[in-house]
Amino acid sequence: LKVTVLGCGNWGSSFAILLHHKGQRVTVWEYDRTRAEKVRLSRDNTPFLVGLKIPDAIKITDDLARSVRECEICVFALPSGTLRAALAQLKPVVPRRAVYLSLIKGIEPQTLLRMSQVIAEGLDRPDPVVVLSGPCIANEVVRGQPTSVVVASQDEAAAGVIQRSFATDSFRIYRSHDVTGVELGGALKNVMAIACGICDGLALGDNIRGALITRGLAEITRLGVKMGAQAETFAGLSGVGDLVTTATSPHSRNHYLGEQIGRGRKLSEILKEMPMVAEGVSTTPAACAMAEKYDTEMPISREVYQILFKGKTPALGLKHLMTRPLKKEAM
Ligand SMILES: NC(=O)c1ccc[n+]([C@@H]2O[C@H](COP(=O)([O-])OP(=O)(O)OC[C@H]3O[C@@H](n4cnc5c(N)ncnc54)[C@H](O)[C@@H]3O)[C@@H](O)[C@H]2O)c1
């Protein structure tokens, strides 16, 4: 199949290499001309991909129209905040019959739309988008370390194409119908990863991590169900699976960012030195806005928001979480 991957960052380039090894014909679009040229010639994609070269057979270009010409599958691997602008450029040139696959984990802050909704709206296309989510740290996937993910779409045939065309012996793909649940789990776990990082930065031990994962999942599920997702999706790979991995992995950027906050550093200072996107930062205010819109209690998201954006100290945020009125454990 002819596959175009939009985005040559950590996940885009790793995913492209995975597809190349699966035998697909892959083109990667990088928006920055100088970077595209550097990567095309040197095959070196630092700082996004360290210690590996991009195979020569993978085409790298900054020409969007050319990159998607005749593509059968168009994969979105951009930071969520750059998606709208890219879609405006893509709309007039994208092939009409391609399958669209989103790897992006985020929520659009202004509209509170999920990424597949932004893609459908931005391209003005009714065709269902396929989403892929789950615990899939790019650096592990690209090295062939065993990974399981889930793809979801309202179009079962499109999800089946992705499942069959992209699965390998080390990259196992499950299918789901619950697009809302799969996307929400993938986006909102980044907020919990920041919360876990904050507690690790404060050296609060291991108990709190288990508590944040469990209660974080409870609040994500509570919101998801109100938004029409199925509760059991959050017990799956894109829910608890991704949450456990990001909340505990030293490779998670959102966890790293939280850890730095926990150590008393300022958000703006940390962001300045991070070359890669930490989606949880823009997802946190979106989570709080969704909590309000859907009248859902999301105490962990609320405290992370207060700490990141309102100057609350991590210690006070934690105190406010722990001293809320006592309640039953049920969701
Ligand atoms: N890295 C992972 O392990 C991983 C795993 C699963 C999902 N994701 C998700 O995939 C998405 C992309 O993540 P990533 O890790 O590849 O991010 P990244 O920060 O590594 O990606 C940066 C890429 O985006 C490009 N870019 C920056 N500004 C742009 C703009 N204005 N227009 C177009 N392109 C622009 C950069 O040139 C670069 O190619 C995120 O939503 C992330 O949550 C990442």
# chains A, B, ... in the order shown; residues from 1 in each chain; ligands from 1
>>> select_by_dssp(residues="stretch 172-321 of chain A", states="helix (DSSP H, G or I)", output="mmCIF file with N, CA and C atoms, in the first residue's frame")
data_model
loop_
_atom_site.group_PDB
_atom_site.id
_atom_site.type_symbol
_atom_site.label_atom_id
_atom_site.label_comp_id
_atom_site.auth_asym_id
_atom_site.auth_seq_id
_atom_site.Cartn_x
_atom_site.Cartn_y
_atom_site.Cartn_z
ATOM 1 N N VAL A 179 -14.871 4.763 19.118
ATOM 2 C CA VAL A 179 -13.912 5.815 18.759
ATOM 3 C C VAL A 179 -13.790 6.838 19.895
ATOM 4 N N THR A 180 -14.923 7.231 20.446
ATOM 5 C CA THR A 180 -14.915 8.235 21.530
ATOM 6 C C THR A 180 -14.086 7.737 22.707
ATOM 7 N N GLY A 181 -14.334 6.512 23.136
ATOM 8 C CA GLY A 181 -13.625 5.972 24.295
ATOM 9 C C GLY A 181 -12.136 5.829 24.038
ATOM 10 N N VAL A 182 -11.785 5.316 22.861
ATOM 11 C CA VAL A 182 -10.368 5.103 22.542
ATOM 12 C C VAL A 182 -9.635 6.449 22.503
ATOM 13 N N GLU A 183 -10.239 7.448 21.879
ATOM 14 C CA GLU A 183 -9.556 8.750 21.793
ATOM 15 C C GLU A 183 -9.478 9.465 23.137
ATOM 16 N N LEU A 184 -10.554 9.383 23.906
ATOM 17 C CA LEU A 184 -10.543 10.074 25.208
ATOM 18 C C LEU A 184 -9.510 9.448 26.139
ATOM 19 N N GLY A 185 -9.443 8.132 26.156
ATOM 20 C CA GLY A 185 -8.454 7.458 27.012
ATOM 21 C C GLY A 185 -7.045 7.907 26.670
ATOM 22 N N GLY A 186 -6.740 7.927 25.361
ATOM 23 C CA GLY A 186 -5.400 8.301 24.902
ATOM 24 C C GLY A 186 -5.039 9.741 25.234
ATOM 25 N N ALA A 187 -6.030 10.619 25.164
ATOM 26 C CA ALA A 187 -5.747 12.037 25.427
ATOM 27 C C ALA A 187 -5.654 12.310 26.927
ATOM 28 N N LEU A 188 -6.613 11.788 27.677
ATOM 29 C CA LEU A 188 -6.718 12.182 29.091
ATOM 30 C C LEU A 188 -5.676 11.505 29.977
ATOM 31 N N LYS A 189 -5.135 10.387 29.530
ATOM 32 C CA LYS A 189 -4.108 9.739 30.373
ATOM 33 C C LYS A 189 -2.884 10.635 30.522
ATOM 34 N N ASN A 190 -2.686 11.539 29.579
ATOM 35 C CA ASN A 190 -1.525 12.441 29.695
ATOM 36 C C ASN A 190 -1.640 13.377 30.904
ATOM 37 N N VAL A 191 -2.872 13.724 31.260
ATOM 38 C CA VAL A 191 -3.085 14.561 32.450
ATOM 39 C C VAL A 191 -2.684 13.759 33.700
ATOM 40 N N MET A 192 -3.051 12.481 33.698
ATOM 41 C CA MET A 192 -2.713 11.620 34.850
ATOM 42 C C MET A 192 -1.204 11.359 34.910
ATOM 43 N N ALA A 193 -0.584 11.285 33.725
ATOM 44 C CA ALA A 193 0.872 11.100 33.701
ATOM 45 C C ALA A 193 1.564 12.302 34.338
ATOM 46 N N ILE A 194 1.041 13.500 34.073
ATOM 47 C CA ILE A 194 1.610 14.698 34.710
ATOM 48 C C ILE A 194 1.405 14.605 36.230
ATOM 49 N N ALA A 195 0.214 14.188 36.648
ATOM 50 C CA ALA A 195 -0.065 14.067 38.091
ATOM 51 C C ALA A 195 0.906 13.084 38.747
ATOM 52 N N CYS A 196 1.118 11.931 38.101
ATOM 53 C CA CYS A 196 2.052 10.933 38.664
ATOM 54 C C CYS A 196 3.464 11.499 38.704
ATOM 55 N N GLY A 197 3.841 12.218 37.633
ATOM 56 C CA GLY A 197 5.170 12.823 37.598
ATOM 57 C C GLY A 197 5.355 13.812 38.743
ATOM 58 N N ILE A 198 4.336 14.601 39.000
ATOM 59 C CA ILE A 198 4.412 15.593 40.085
ATOM 60 C C ILE A 198 4.700 14.870 41.413
ATOM 61 N N CYS A 199 3.973 13.781 41.651
ATOM 62 C CA CYS A 199 4.173 13.047 42.920
ATOM 63 C C CYS A 199 5.560 12.407 42.969
ATOM 64 N N ASP A 200 6.041 11.932 41.822
ATOM 65 C CA ASP A 200 7.403 11.380 41.805
ATOM 66 C C ASP A 200 8.432 12.482 42.042
ATOM 67 N N GLY A 201 8.168 13.669 41.494
ATOM 68 C CA GLY A 201 9.052 14.806 41.723
ATOM 69 C C GLY A 201 9.106 15.194 43.199
ATOM 70 N N ASN A 207 2.737 4.230 46.607
ATOM 71 C CA ASN A 207 1.293 4.079 46.866
ATOM 72 C C ASN A 207 0.482 5.095 46.064
ATOM 73 N N ILE A 208 0.973 6.317 46.052
ATOM 74 C CA ILE A 208 0.214 7.397 45.414
ATOM 75 C C ILE A 208 0.078 7.159 43.904
ATOM 76 N N ARG A 209 1.096 6.512 43.311
ATOM 77 C CA ARG A 209 1.004 6.245 41.869
ATOM 78 C C ARG A 209 -0.166 5.312 41.566
ATOM 79 N N GLY A 210 -0.261 4.252 42.375
ATOM 80 C CA GLY A 210 -1.380 3.308 42.207
ATOM 81 C C GLY A 210 -2.718 4.005 42.390
ATOM 82 N N ALA A 211 -2.743 4.901 43.366
ATOM 83 C CA ALA A 211 -3.992 5.624 43.646
ATOM 84 C C ALA A 211 -4.345 6.547 42.479
ATOM 85 N N LEU A 212 -3.347 7.236 41.944
ATOM 86 C CA LEU A 212 -3.629 8.177 40.844
ATOM 87 C C LEU A 212 -4.054 7.444 39.580
ATOM 88 N N ILE A 213 -3.427 6.297 39.323
ATOM 89 C CA ILE A 213 -3.815 5.531 38.137
ATOM 90 C C ILE A 213 -5.272 5.080 38.286
ATOM 91 N N THR A 214 -5.612 4.564 39.474
ATOM 92 C CA THR A 214 -6.958 4.024 39.680
ATOM 93 C C THR A 214 -8.014 5.126 39.688
ATOM 94 N N ARG A 215 -7.755 6.168 40.465
ATOM 95 C CA ARG A 215 -8.755 7.243 40.554
ATOM 96 C C ARG A 215 -8.747 8.104 39.282
ATOM 97 N N GLY A 216 -7.599 8.165 38.635
ATOM 98 C CA GLY A 216 -7.524 8.865 37.347
ATOM 99 C C GLY A 216 -8.397 8.159 36.323
ATOM 100 N N LEU A 217 -8.276 6.828 36.305
ATOM 101 C CA LEU A 217 -9.105 6.043 35.387
ATOM 102 C C LEU A 217 -10.585 6.238 35.718
ATOM 103 N N ALA A 218 -10.892 6.333 37.009
ATOM 104 C CA ALA A 218 -12.301 6.522 37.417
ATOM 105 C C ALA A 218 -12.833 7.840 36.855
ATOM 106 N N GLU A 219 -12.030 8.899 36.937
ATOM 107 C CA GLU A 219 -12.582 10.178 36.448
ATOM 108 C C GLU A 219 -12.616 10.244 34.926
ATOM 109 N N ILE A 220 -11.657 9.603 34.270
ATOM 110 C CA ILE A 220 -11.677 9.551 32.795
ATOM 111 C C ILE A 220 -12.915 8.763 32.341
ATOM 112 N N THR A 221 -13.174 7.639 33.009
ATOM 113 C CA THR A 221 -14.318 6.798 32.641
ATOM 114 C C THR A 221 -15.638 7.550 32.873
ATOM 115 N N ARG A 222 -15.707 8.247 34.032
ATOM 116 C CA ARG A 222 -16.911 9.017 34.357
ATOM 117 C C ARG A 222 -17.234 10.010 33.238
ATOM 118 N N LEU A 223 -16.219 10.747 32.799
ATOM 119 C CA LEU A 223 -16.428 11.723 31.730
ATOM 120 C C LEU A 223 -16.770 11.014 30.415
ATOM 121 N N GLY A 224 -15.991 9.975 30.111
ATOM 122 C CA GLY A 224 -16.173 9.262 28.840
ATOM 123 C C GLY A 224 -17.587 8.732 28.684
ATOM 124 N N VAL A 225 -18.112 8.134 29.746
ATOM 125 C CA VAL A 225 -19.454 7.554 29.672
ATOM 126 C C VAL A 225 -20.487 8.659 29.419
ATOM 127 N N LYS A 226 -20.286 9.824 30.061
ATOM 128 C CA LYS A 226 -21.215 10.936 29.808
ATOM 129 C C LYS A 226 -21.119 11.434 28.365
ATOM 130 N N ALA A 231 -18.002 2.145 28.978
ATOM 131 C CA ALA A 231 -17.140 2.045 30.171
ATOM 132 C C ALA A 231 -16.036 1.010 29.969
ATOM 133 N N GLU A 232 -16.340 -0.120 29.307
ATOM 134 C CA GLU A 232 -15.334 -1.195 29.205
ATOM 135 C C GLU A 232 -14.134 -0.804 28.337
ATOM 136 N N THR A 233 -14.317 0.197 27.466
ATOM 137 C CA THR A 233 -13.177 0.641 26.645
ATOM 138 C C THR A 233 -12.046 1.145 27.542
ATOM 139 N N PHE A 234 -12.400 1.749 28.676
ATOM 140 C CA PHE A 234 -11.387 2.324 29.551
ATOM 141 C C PHE A 234 -10.627 1.243 30.331
ATOM 142 N N ALA A 235 -11.169 0.024 30.327
ATOM 143 C CA ALA A 235 -10.432 -1.104 30.916
ATOM 144 C C ALA A 235 -9.520 -1.736 29.869
ATOM 145 N N LEU A 237 -6.759 -1.372 26.216
ATOM 146 C CA LEU A 237 -5.397 -0.878 25.930
ATOM 147 C C LEU A 237 -5.319 0.639 25.893
ATOM 148 N N SER A 238 -6.338 1.282 25.315
ATOM 149 C CA SER A 238 -6.288 2.740 25.194
ATOM 150 C C SER A 238 -6.656 3.430 26.500
ATOM 151 N N GLY A 239 -7.163 2.651 27.468
ATOM 152 C CA GLY A 239 -7.508 3.214 28.769
ATOM 153 C C GLY A 239 -6.430 2.861 29.779
ATOM 154 N N VAL A 240 -6.729 1.830 30.586
ATOM 155 C CA VAL A 240 -5.786 1.475 31.651
ATOM 156 C C VAL A 240 -4.415 1.083 31.080
ATOM 157 N N GLY A 241 -4.399 0.460 29.893
ATOM 158 C CA GLY A 241 -3.118 0.032 29.310
ATOM 159 C C GLY A 241 -2.177 1.201 29.108
ATOM 160 N N ASP A 242 -2.670 2.219 28.431
ATOM 161 C CA ASP A 242 -1.838 3.393 28.144
ATOM 162 C C ASP A 242 -1.534 4.170 29.427
ATOM 163 N N LEU A 243 -2.522 4.217 30.311
ATOM 164 C CA LEU A 243 -2.360 4.973 31.563
ATOM 165 C C LEU A 243 -1.225 4.388 32.407
ATOM 166 N N VAL A 244 -1.211 3.069 32.542
ATOM 167 C CA VAL A 244 -0.164 2.425 33.353
ATOM 168 C C VAL A 244 1.207 2.699 32.737
ATOM 169 N N THR A 245 1.315 2.552 31.419
ATOM 170 C CA THR A 245 2.619 2.757 30.776
ATOM 171 C C THR A 245 3.097 4.196 30.936
ATOM 172 N N THR A 246 2.236 5.146 30.596
ATOM 173 C CA THR A 246 2.721 6.548 30.671
ATOM 174 C C THR A 246 2.956 7.012 32.094
ATOM 175 N N ALA A 247 2.158 6.494 33.014
ATOM 176 C CA ALA A 247 2.289 6.980 34.393
ATOM 177 C C ALA A 247 3.537 6.422 35.066
ATOM 178 N N THR A 248 4.112 5.359 34.493
ATOM 179 C CA THR A 248 5.256 4.732 35.161
ATOM 180 C C THR A 248 6.540 4.795 34.343
ATOM 181 N N ARG A 253 7.055 11.887 28.264
ATOM 182 C CA ARG A 253 7.357 13.324 28.400
ATOM 183 C C ARG A 253 6.438 13.987 29.383
ATOM 184 N N ASN A 254 5.172 13.529 29.410
ATOM 185 C CA ASN A 254 4.228 14.154 30.331
ATOM 186 C C ASN A 254 4.605 13.839 31.774
ATOM 187 N N HIS A 255 5.052 12.607 31.989
ATOM 188 C CA HIS A 255 5.521 12.233 33.327
ATOM 189 C C HIS A 255 6.754 13.059 33.685
ATOM 190 N N TYR A 256 7.665 13.198 32.730
ATOM 191 C CA TYR A 256 8.887 13.997 32.964
ATOM 192 C C TYR A 256 8.518 15.434 33.335
ATOM 193 N N LEU A 257 7.590 16.005 32.554
ATOM 194 C CA LEU A 257 7.186 17.390 32.804
ATOM 195 C C LEU A 257 6.613 17.531 34.216
ATOM 196 N N GLY A 258 5.758 16.566 34.598
ATOM 197 C CA GLY A 258 5.186 16.605 35.940
ATOM 198 C C GLY A 258 6.272 16.511 37.005
ATOM 199 N N GLU A 259 7.230 15.645 36.756
ATOM 200 C CA GLU A 259 8.306 15.447 37.730
ATOM 201 C C GLU A 259 9.085 16.745 37.963
ATOM 202 N N GLN A 260 9.327 17.459 36.876
ATOM 203 C CA GLN A 260 10.039 18.734 36.986
ATOM 204 C C GLN A 260 9.210 19.755 37.773
ATOM 205 N N ILE A 261 7.902 19.745 37.524
ATOM 206 C CA ILE A 261 6.990 20.638 38.277
ATOM 207 C C ILE A 261 7.052 20.274 39.769
ATOM 208 N N GLY A 262 7.022 18.968 40.029
ATOM 209 C CA GLY A 262 7.079 18.501 41.420
ATOM 210 C C GLY A 262 8.356 18.944 42.114
ATOM 211 N N LEU A 267 6.557 25.896 34.673
ATOM 212 C CA LEU A 267 6.104 25.274 33.428
ATOM 213 C C LEU A 267 6.791 25.893 32.203
ATOM 214 N N SER A 268 6.822 27.228 32.139
ATOM 215 C CA SER A 268 7.366 27.887 30.947
ATOM 216 C C SER A 268 8.844 27.513 30.754
ATOM 217 N N GLU A 269 9.547 27.412 31.848
ATOM 218 C CA GLU A 269 10.972 27.061 31.806
ATOM 219 C C GLU A 269 11.163 25.620 31.286
ATOM 220 N N ILE A 270 10.334 24.709 31.746
ATOM 221 C CA ILE A 270 10.452 23.291 31.336
ATOM 222 C C ILE A 270 10.112 23.160 29.849
ATOM 223 N N LEU A 271 9.034 23.849 29.419
ATOM 224 C CA LEU A 271 8.603 23.731 28.023
ATOM 225 C C LEU A 271 9.672 24.254 27.068
ATOM 226 N N LYS A 272 10.372 25.293 27.504
ATOM 227 C CA LYS A 272 11.403 25.893 26.650
ATOM 228 C C LYS A 272 12.486 24.885 26.283
ATOM 229 N N GLY A 280 -0.144 16.671 27.305
ATOM 230 C CA GLY A 280 -0.931 16.830 28.533
ATOM 231 C C GLY A 280 -1.113 18.286 28.937
ATOM 232 N N VAL A 281 -0.192 19.145 28.518
ATOM 233 C CA VAL A 281 -0.269 20.556 28.924
ATOM 234 C C VAL A 281 -1.509 21.222 28.323
ATOM 235 N N SER A 282 -1.770 20.972 27.036
ATOM 236 C CA SER A 282 -2.976 21.578 26.456
ATOM 237 C C SER A 282 -4.217 20.728 26.744
ATOM 238 N N THR A 283 -4.023 19.447 27.051
ATOM 239 C CA THR A 283 -5.191 18.599 27.349
ATOM 240 C C THR A 283 -5.773 18.913 28.733
ATOM 241 N N THR A 284 -4.920 19.391 29.658
ATOM 242 C CA THR A 284 -5.409 19.632 31.026
ATOM 243 C C THR A 284 -6.531 20.685 31.068
ATOM 244 N N PRO A 285 -6.355 21.887 30.484
ATOM 245 C CA PRO A 285 -7.486 22.827 30.497
ATOM 246 C C PRO A 285 -8.690 22.290 29.727
ATOM 247 N N ALA A 286 -8.424 21.521 28.645
ATOM 248 C CA ALA A 286 -9.539 20.944 27.876
ATOM 249 C C ALA A 286 -10.312 19.950 28.747
ATOM 250 N N ALA A 287 -9.583 19.162 29.545
ATOM 251 C CA ALA A 287 -10.243 18.180 30.427
ATOM 252 C C ALA A 287 -11.141 18.905 31.430
ATOM 253 N N CYS A 288 -10.640 20.011 31.977
ATOM 254 C CA CYS A 288 -11.429 20.759 32.964
ATOM 255 C C CYS A 288 -12.662 21.378 32.302
ATOM 256 N N ALA A 289 -12.486 21.880 31.080
ATOM 257 C CA ALA A 289 -13.636 22.467 30.367
ATOM 258 C C ALA A 289 -14.670 21.382 30.046
ATOM 259 N N MET A 290 -14.199 20.176 29.700
ATOM 260 C CA MET A 290 -15.144 19.087 29.415
ATOM 261 C C MET A 290 -15.858 18.651 30.695
ATOM 262 N N ALA A 291 -15.103 18.641 31.802
ATOM 263 C CA ALA A 291 -15.708 18.262 33.088
ATOM 264 C C ALA A 291 -16.869 19.201 33.403
ATOM 265 N N GLU A 292 -16.645 20.489 33.114
ATOM 266 C CA GLU A 292 -17.696 21.465 33.388
ATOM 267 C C GLU A 292 -18.875 21.281 32.425
ATOM 268 N N LYS A 293 -18.531 21.144 31.156
ATOM 269 C CA LYS A 293 -19.575 21.008 30.131
ATOM 270 C C LYS A 293 -20.461 19.782 30.402
ATOM 271 N N PRO A 299 -11.516 15.597 39.904
ATOM 272 C CA PRO A 299 -10.663 16.308 40.875
ATOM 273 C C PRO A 299 -9.174 16.277 40.539
ATOM 274 N N ILE A 300 -8.679 15.185 39.975
ATOM 275 C CA ILE A 300 -7.230 15.132 39.687
ATOM 276 C C ILE A 300 -6.902 16.121 38.566
ATOM 277 N N SER A 301 -7.716 16.103 37.507
ATOM 278 C CA SER A 301 -7.494 17.049 36.397
ATOM 279 C C SER A 301 -7.552 18.482 36.911
ATOM 280 N N ARG A 302 -8.501 18.740 37.812
ATOM 281 C CA ARG A 302 -8.655 20.103 38.340
ATOM 282 C C ARG A 302 -7.404 20.548 39.102
ATOM 283 N N GLU A 303 -6.849 19.660 39.920
ATOM 284 C CA GLU A 303 -5.658 20.041 40.694
ATOM 285 C C GLU A 303 -4.435 20.204 39.783
ATOM 286 N N VAL A 304 -4.322 19.335 38.760
ATOM 287 C CA VAL A 304 -3.197 19.483 37.820
ATOM 288 C C VAL A 304 -3.311 20.840 37.117
ATOM 289 N N TYR A 305 -4.522 21.201 36.748
ATOM 290 C CA TYR A 305 -4.743 22.504 36.097
ATOM 291 C C TYR A 305 -4.319 23.655 37.019
ATOM 292 N N GLN A 306 -4.754 23.577 38.274
ATOM 293 C CA GLN A 306 -4.419 24.640 39.235
ATOM 294 C C GLN A 306 -2.898 24.753 39.409
ATOM 295 N N ILE A 307 -2.224 23.606 39.429
ATOM 296 C CA ILE A 307 -0.766 23.611 39.637
ATOM 297 C C ILE A 307 -0.051 24.160 38.388
ATOM 298 N N LEU A 308 -0.474 23.694 37.201
ATOM 299 C CA LEU A 308 0.219 24.115 35.968
ATOM 300 C C LEU A 308 -0.041 25.583 35.640
ATOM 301 N N PHE A 309 -1.292 26.018 35.825
ATOM 302 C CA PHE A 309 -1.674 27.326 35.261
ATOM 303 C C PHE A 309 -2.057 28.384 36.286
ATOM 304 N N PRO A 314 2.326 22.181 44.272
ATOM 305 C CA PRO A 314 1.974 20.753 44.215
ATOM 306 C C PRO A 314 1.529 20.227 45.585
ATOM 307 N N ALA A 315 2.181 20.676 46.635
ATOM 308 C CA ALA A 315 1.842 20.175 47.971
ATOM 309 C C ALA A 315 0.404 20.553 48.349
ATOM 310 N N LEU A 316 0.003 21.771 48.011
ATOM 311 C CA LEU A 316 -1.358 22.205 48.338
ATOM 312 C C LEU A 316 -2.379 21.468 47.453
ATOM 313 N N GLY A 317 -2.011 21.276 46.180
ATOM 314 C CA GLY A 317 -2.888 20.538 45.267
ATOM 315 C C GLY A 317 -3.168 19.141 45.818
ATOM 316 N N LEU A 318 -2.109 18.492 46.284
ATOM 317 C CA LEU A 318 -2.236 17.144 46.826
ATOM 318 C C LEU A 318 -3.087 17.161 48.101
ATOM 319 N N LYS A 319 -2.851 18.159 48.929
ATOM 320 C CA LYS A 319 -3.618 18.255 50.178
ATOM 321 C C LYS A 319 -5.117 18.405 49.864
ATOM 322 N N HIS A 320 -5.416 19.245 48.859
ATOM 323 C CA HIS A 320 -6.822 19.438 48.508
ATOM 324 C C HIS A 320 -7.451 18.157 47.954
ATOM 325 N N LEU A 321 -6.639 17.355 47.246
ATOM 326 C CA LEU A 321 -7.162 16.076 46.733
ATOM 327 C C LEU A 321 -7.463 15.115 47.880
#
>>> residues_around(residues="stretch 100-102 of chain A", least_positions_apart="2", cutoff="6 Å", atoms="only C-alpha atoms", output="PDB file with N, CA, C and O atoms, in the first residue's frame")
ATOM      1  N   ILE A  73      -3.454   5.353   2.290  1.00  0.00           N
ATOM      2  CA  ILE A  73      -3.677   5.579   3.721  1.00  0.00           C
ATOM      3  C   ILE A  73      -2.915   6.838   4.118  1.00  0.00           C
ATOM      4  O   ILE A  73      -1.732   6.986   3.784  1.00  0.00           O
ATOM      5  N   CYS A  74      -3.616   7.752   4.791  1.00  0.00           N
ATOM      6  CA  CYS A  74      -2.998   9.004   5.223  1.00  0.00           C
ATOM      7  C   CYS A  74      -2.975   9.007   6.756  1.00  0.00           C
ATOM      8  O   CYS A  74      -4.020   8.965   7.398  1.00  0.00           O
ATOM      9  N   VAL A  75      -1.759   8.999   7.313  1.00  0.00           N
ATOM     10  CA  VAL A  75      -1.601   8.860   8.764  1.00  0.00           C
ATOM     11  C   VAL A  75      -1.257  10.223   9.377  1.00  0.00           C
ATOM     12  O   VAL A  75      -0.314  10.883   8.930  1.00  0.00           O
ATOM     13  N   PHE A  76      -1.984  10.620  10.398  1.00  0.00           N
ATOM     14  CA  PHE A  76      -1.720  11.892  11.070  1.00  0.00           C
ATOM     15  C   PHE A  76      -0.878  11.648  12.316  1.00  0.00           C
ATOM     16  O   PHE A  76      -1.333  11.004  13.260  1.00  0.00           O
ATOM     17  N   ILE A 104      -2.821  10.822  16.843  1.00  0.00           N
ATOM     18  CA  ILE A 104      -2.625  11.981  17.724  1.00  0.00           C
ATOM     19  C   ILE A 104      -3.412  11.813  19.025  1.00  0.00           C
ATOM     20  O   ILE A 104      -4.576  11.419  19.003  1.00  0.00           O
ATOM     21  N   VAL A 129     -12.975   8.410  10.276  1.00  0.00           N
ATOM     22  CA  VAL A 129     -11.529   8.373  10.468  1.00  0.00           C
ATOM     23  C   VAL A 129     -11.249   7.180  11.378  1.00  0.00           C
ATOM     24  O   VAL A 129     -12.055   6.847  12.232  1.00  0.00           O
ATOM     25  N   VAL A 130     -10.096   6.538  11.186  1.00  0.00           N
ATOM     26  CA  VAL A 130      -9.683   5.465  12.092  1.00  0.00           C
ATOM     27  C   VAL A 130      -8.729   6.078  13.112  1.00  0.00           C
ATOM     28  O   VAL A 130      -7.916   6.936  12.762  1.00  0.00           O
ATOM     29  N   VAL A 131      -8.829   5.657  14.373  1.00  0.00           N
ATOM     30  CA  VAL A 131      -7.893   6.153  15.381  1.00  0.00           C
ATOM     31  C   VAL A 131      -7.102   4.978  15.938  1.00  0.00           C
ATOM     32  O   VAL A 131      -7.603   3.851  16.000  1.00  0.00           O
TER      33      VAL A 131
END
>>> closest_atom_pairs(of="chain A", to="ligand 1", cutoff="8 Å", atoms="only C-alpha atoms and all ligand atoms", output="CSV")
residue,atom,partner,partner_atom_place_in_ligand_line,distance
A:Leu6,CA,ligand 1,34 (N),7.7
A:Gly7,CA,ligand 1,39 (O),4.5
A:Cys8,CA,ligand 1,39 (O),3.6
A:Gly9,CA,ligand 1,20 (O),3.4
A:Asn10,CA,ligand 1,20 (O),3.8
A:Trp11,CA,ligand 1,16 (O),3.7
A:Gly12,CA,ligand 1,16 (O),5.0
A:Ser13,CA,ligand 1,16 (O),7.3
A:Trp29,CA,ligand 1,39 (O),7.9
A:Glu30,CA,ligand 1,39 (O),5.3
A:Tyr31,CA,ligand 1,33 (C),4.9
A:Asp32,CA,ligand 1,37 (O),5.7
A:Arg35,CA,ligand 1,37 (O),7.3
A:Phe48,CA,ligand 1,20 (O),5.2
A:Phe76,CA,ligand 1,11 (C),7.9
A:Ala77,CA,ligand 1,12 (C),4.7
A:Leu78,CA,ligand 1,12 (C),4.5
A:Pro79,CA,ligand 1,12 (C),4.4
A:Ser80,CA,ligand 1,41 (O),5.2
A:Gly81,CA,ligand 1,31 (N),7.7
A:Thr82,CA,ligand 1,31 (N),4.7
A:Leu83,CA,ligand 1,32 (N),7.0
A:Ala85,CA,ligand 1,32 (N),7.1
A:Ala86,CA,ligand 1,32 (N),6.0
A:Leu103,CA,ligand 1,10 (O),5.3
A:Ile104,CA,ligand 1,41 (O),3.6
A:Lys105,CA,ligand 1,41 (O),4.1
A:Gly106,CA,ligand 1,41 (O),5.7
A:Ser133,CA,ligand 1,6 (C),6.8
A:Gly134,CA,ligand 1,6 (C),7.4
A:Pro135,CA,ligand 1,6 (C),7.3
A:Cys136,CA,ligand 1,5 (C),5.2
A:Ile137,CA,ligand 1,3 (O),3.6
A:Ala138,CA,ligand 1,3 (O),3.7
A:Asn139,CA,ligand 1,3 (O),6.5
A:Gly186,CA,ligand 1,7 (C),8.0
A:Ala187,CA,ligand 1,43 (O),7.4
A:Ser252,CA,ligand 1,3 (O),7.7
A:Pro275,CA,ligand 1,19 (O),6.5
A:Met276,CA,ligand 1,19 (O),3.4
A:Val277,CA,ligand 1,19 (O),4.0
A:Ala278,CA,ligand 1,43 (O),7.0
A:Glu279,CA,ligand 1,43 (O),5.5
>>> residues_around(residues="A:Leu90", least_positions_apart="3", cutoff="8 Å", atoms="only C-alpha atoms", output="PDB file with C-alpha atoms, in the first residue's frame")
ATOM      1  CA  LEU A  64       2.445  18.316   1.225  1.00  0.00           C
ATOM      2  CA  ALA A  65       0.559  17.958  -2.067  1.00  0.00           C
ATOM      3  CA  ALA A  86      -2.133  21.376   8.387  1.00  0.00           C
ATOM      4  CA  LEU A  87      -5.691  20.289   7.484  1.00  0.00           C
ATOM      5  CA  VAL A  93      -4.901  18.097  -2.252  1.00  0.00           C
ATOM      6  CA  VAL A  94      -5.801  14.966  -0.288  1.00  0.00           C
ATOM      7  CA  LEU A 123     -11.181  18.043   5.565  1.00  0.00           C
TER       8      LEU A 123
END
>>> decode(residues="stretch 91-102 of chain A", atoms="C-alpha atoms", output="compact mmCIF listing (two decimals), in the first residue's frame")
# COMPACT_ATOMS: atom_id res chain seq x y z
CA LYS A 91 -7.99 19.76 2.16
CA PRO A 92 -7.55 20.74 -1.51
CA VAL A 93 -4.90 18.10 -2.25
CA VAL A 94 -5.80 14.97 -0.29
CA PRO A 95 -7.03 11.96 -2.33
CA ARG A 96 -10.76 11.41 -1.99
CA ARG A 97 -10.69 7.68 -1.32
CA ALA A 98 -7.86 7.42 1.20
CA VAL A 99 -8.30 5.90 4.65
CA TYR A 100 -7.42 8.46 7.34
CA LEU A 101 -5.68 7.25 10.47
CA SER A 102 -5.03 9.46 13.50
